[in-house]
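Since the structure comes first, as structure tokens, the remarks are kept for the end.
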Amino acid sequence: MSDSGATYRVYVDSRPVDVPVSATVLDAVESADRALAEAVRSGSKAVTDSRGLPIASDAPLHGGAILRVVPVRQREA
């Protein structure tokens with residue numbers, strides 16, 4: 001991975017975060033809030049895009065991305 005210093009500005013729960021262009025969704029969440037990132041890793045929270053659609057934590061980002069961290073609903077058996 002080359003480090004050209006280029007960054008994207010993305011938004012995690014309305015917080016602006018600057019991340020390297022090679023960053024993933026989880027990297028952006030980690031930059032915004034480590035506790036939220038840990039909750040995503042543990043499966044108690046998920047990340048959605050600006051439309052509310054789930055997005056994989058390892059998905060690449062684009063400039064201006066809007067991410068929201070939401071609780072994972074547990075289905076009853």
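Ordering of the structure tokens sets the chain letters (A, B, ...); residue numbers start at 1 within each chain; ligands are numbered from 1 in the order shown.
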
| message | Please return, as a list of chain:residue names, all residues of chain A that DSSP assigns to alpha helix (DSSP H) on the basis of the backbone. | response | A:Val25, A:Leu26, A:Asp27, A:Ala28, A:Val29, A:Glu30, A:Ser31, A:Ala32, A:Arg34, A:Ala35, A:Leu36, A:Ala37, A:Glu38, A:Ala39, A:Val40, A:Arg41, A:Ser42

Once you have the residues from the selection above, write them out as a PDB file, in the first residue's frame, restricted to C-alpha atoms.
ATOM      1  CA  VAL A  25     -15.647   1.581   6.556  1.00  0.00           C
ATOM      2  CA  LEU A  26     -14.319   0.151   9.826  1.00  0.00           C
ATOM      3  CA  ASP A  27     -11.210   2.360   9.593  1.00  0.00           C
ATOM      4  CA  ALA A  28     -13.455   5.427   9.382  1.00  0.00           C
ATOM      5  CA  VAL A  29     -15.554   4.311  12.339  1.00  0.00           C
ATOM      6  CA  GLU A  30     -12.352   3.640  14.304  1.00  0.00           C
ATOM      7  CA  SER A  31     -11.101   7.147  13.526  1.00  0.00           C
ATOM      8  CA  ALA A  32     -14.376   8.655  14.726  1.00  0.00           C
ATOM      9  CA  ARG A  34     -12.929   3.535  19.033  1.00  0.00           C
ATOM     10  CA  ALA A  35     -15.762   2.248  21.224  1.00  0.00           C
ATOM     11  CA  LEU A  36     -18.155   2.255  18.257  1.00  0.00           C
ATOM     12  CA  ALA A  37     -15.594   0.398  16.159  1.00  0.00           C
ATOM     13  CA  GLU A  38     -15.276  -2.254  18.840  1.00  0.00           C
ATOM     14  CA  ALA A  39     -19.074  -2.600  18.930  1.00  0.00           C
ATOM     15  CA  VAL A  40     -19.076  -3.111  15.148  1.00  0.00           C
ATOM     16  CA  ARG A  41     -16.338  -5.742  15.479  1.00  0.00           C
ATOM     17  CA  SER A  42     -18.284  -7.550  18.211  1.00  0.00           C
TER      18      SER A  42
END

| field | CA of Leu61 in chain A to CA of Arg73 in chain A, distance in Å rounded to a single decimal | value |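 Atom-to-atom, CA of Leu61 in chain A to CA of Arg73 in chain A, that is 24.8 Å.
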
| task | Enter the distance from CA of Arg15 in chain A to CA of His62 in chain A, in Å, rounded to one decimal. | result |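 Taking CA of Arg15 in chain A as the start and CA of His62 in chain A as the end point, the length is 15.7 Å.
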
| Which residue gives the smallest distance to Ser50 in chain A among A:Pro16, A:Arg9, A:Arg68, A:Ser4, with only C-alpha atoms counted? |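 Smallest distance to Ser50 in chain A is found for A:Arg68.
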
| Can you tell me how far CA of Gly43 in chain A sits from CA of Ala59 in chain A, in Å to one decimal? |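 Between CA of Gly43 in chain A and CA of Ala59 in chain A the gap works out to 16.1 Å.
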
Applying 10 Å and only C-alpha atoms, which residues near Gly63 in chain A remain after dropping the ones on its own chain fewer than 5 positions away? List them as an mmCIF file with N, CA and C atoms, in the first residue's frame.
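Final output, selection20.cif:
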data_model
loop_
_atom_site.group_PDB
_atom_site.id
_atom_site.type_symbol
_atom_site.label_atom_id
_atom_site.label_comp_id
_atom_site.auth_asym_id
_atom_site.auth_seq_id
_atom_site.Cartn_x
_atom_site.Cartn_y
_atom_site.Cartn_z
ATOM 1 N N THR A 7 -6.276 11.967 1.264
ATOM 2 C CA THR A 7 -7.331 11.578 2.196
ATOM 3 C C THR A 7 -8.708 11.864 1.611
ATOM 4 N N TYR A 8 -9.684 11.200 2.201
ATOM 5 C CA TYR A 8 -11.091 11.471 1.926
ATOM 6 C C TYR A 8 -11.701 12.066 3.190
ATOM 7 N N ARG A 9 -12.640 12.981 3.012
ATOM 8 C CA ARG A 9 -13.463 13.435 4.139
ATOM 9 C C ARG A 9 -14.736 12.609 4.079
ATOM 10 N N VAL A 10 -15.015 11.880 5.161
ATOM 11 C CA VAL A 10 -16.240 11.090 5.278
ATOM 12 C C VAL A 10 -16.919 11.498 6.580
ATOM 13 N N TYR A 11 -18.133 11.040 6.775
ATOM 14 C CA TYR A 11 -18.909 11.412 7.955
ATOM 15 C C TYR A 11 -19.398 10.150 8.642
ATOM 16 N N ASP A 18 -11.300 12.589 8.476
ATOM 17 C CA ASP A 18 -10.414 12.477 7.324
ATOM 18 C C ASP A 18 -9.667 11.156 7.431
ATOM 19 N N VAL A 19 -9.777 10.337 6.377
ATOM 20 C CA VAL A 19 -9.140 9.020 6.361
ATOM 21 C C VAL A 19 -8.343 8.856 5.076
ATOM 22 N N VAL A 21 -7.173 7.388 1.523
ATOM 23 C CA VAL A 21 -8.020 6.890 0.436
ATOM 24 C C VAL A 21 -8.121 5.365 0.439
#

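Taking the backbone of this structure through DSSP, the residues of chain A that come out as strand (DSSP E or B) are Thr7, Tyr8, Arg9, Val10, Tyr11, Val12, Arg15, Pro16, Val17, Asp18, Val19, Pro20, Thr24, Lys45, Ala46, Val47, Thr48, Pro54, Pro60, Ile66, Leu67, Arg68, Val69, Val70 and Pro71 of chain A.
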
Could you turn the residues from that selection into a file that holds N, CA and C atoms, as a short mmCIF file (atom, residue, chain, number, x, y, z; two decimals), in the first residue's frame?
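And here is the file that came out, result.cif:
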data_model
loop_
_atom_site.label_atom_id
_atom_site.label_comp_id
_atom_site.auth_asym_id
_atom_site.auth_seq_id
_atom_site.Cartn_x
_atom_site.Cartn_y
_atom_site.Cartn_z
N THR A 7 -6.28 11.97 1.26
CA THR A 7 -7.33 11.58 2.20
C THR A 7 -8.71 11.86 1.61
N TYR A 8 -9.68 11.20 2.20
CA TYR A 8 -11.09 11.47 1.93
C TYR A 8 -11.70 12.07 3.19
N ARG A 9 -12.64 12.98 3.01
CA ARG A 9 -13.46 13.43 4.14
C ARG A 9 -14.74 12.61 4.08
N VAL A 10 -15.02 11.88 5.16
CA VAL A 10 -16.24 11.09 5.28
C VAL A 10 -16.92 11.50 6.58
N TYR A 11 -18.13 11.04 6.77
CA TYR A 11 -18.91 11.41 7.96
C TYR A 11 -19.40 10.15 8.64
N VAL A 12 -19.11 10.05 9.93
CA VAL A 12 -19.55 8.92 10.74
C VAL A 12 -20.46 9.49 11.82
N ARG A 15 -20.15 13.12 12.26
CA ARG A 15 -18.82 13.64 12.59
C ARG A 15 -17.92 13.59 11.36
N PRO A 16 -17.33 14.71 10.99
CA PRO A 16 -16.38 14.67 9.86
C PRO A 16 -15.10 13.97 10.28
N VAL A 17 -14.62 13.07 9.41
CA VAL A 17 -13.41 12.31 9.67
C VAL A 17 -12.59 12.30 8.38
N ASP A 18 -11.30 12.59 8.48
CA ASP A 18 -10.41 12.48 7.32
C ASP A 18 -9.67 11.16 7.43
N VAL A 19 -9.78 10.34 6.38
CA VAL A 19 -9.14 9.02 6.36
C VAL A 19 -8.34 8.86 5.08
N PRO A 20 -7.32 8.00 5.08
CA PRO A 20 -6.58 7.73 3.85
C PRO A 20 -7.50 7.16 2.77
N THR A 24 -11.07 1.63 4.97
CA THR A 24 -12.33 0.90 4.89
C THR A 24 -13.37 1.58 5.78
N LYS A 45 -23.22 -3.72 16.89
CA LYS A 45 -23.59 -2.57 16.06
C LYS A 45 -23.24 -2.90 14.61
N ALA A 46 -23.94 -2.24 13.70
CA ALA A 46 -23.69 -2.39 12.27
C ALA A 46 -23.56 -1.00 11.66
N VAL A 47 -23.05 -0.96 10.45
CA VAL A 47 -22.88 0.31 9.75
C VAL A 47 -23.82 0.34 8.55
N THR A 48 -24.47 1.49 8.36
CA THR A 48 -25.32 1.69 7.19
C THR A 48 -24.80 2.88 6.40
N PRO A 54 -27.39 -1.55 4.88
CA PRO A 54 -26.19 -2.09 5.51
C PRO A 54 -24.99 -2.04 4.56
N PRO A 60 -14.59 -0.51 0.79
CA PRO A 60 -13.81 0.72 0.59
C PRO A 60 -14.71 1.95 0.67
N ILE A 66 -21.33 8.99 3.81
CA ILE A 66 -22.06 9.22 5.05
C ILE A 66 -22.37 7.86 5.65
N LEU A 67 -21.83 7.63 6.84
CA LEU A 67 -22.00 6.35 7.51
C LEU A 67 -22.72 6.56 8.82
N ARG A 68 -23.58 5.61 9.15
CA ARG A 68 -24.27 5.65 10.43
C ARG A 68 -24.06 4.32 11.13
N VAL A 69 -23.76 4.39 12.41
CA VAL A 69 -23.59 3.18 13.21
C VAL A 69 -24.89 2.97 13.98
N VAL A 70 -25.47 1.79 13.79
CA VAL A 70 -26.79 1.51 14.35
C VAL A 70 -26.76 0.21 15.15
N PRO A 71 -27.67 0.06 16.11
CA PRO A 71 -27.75 -1.20 16.86
C PRO A 71 -28.19 -2.34 15.94
#
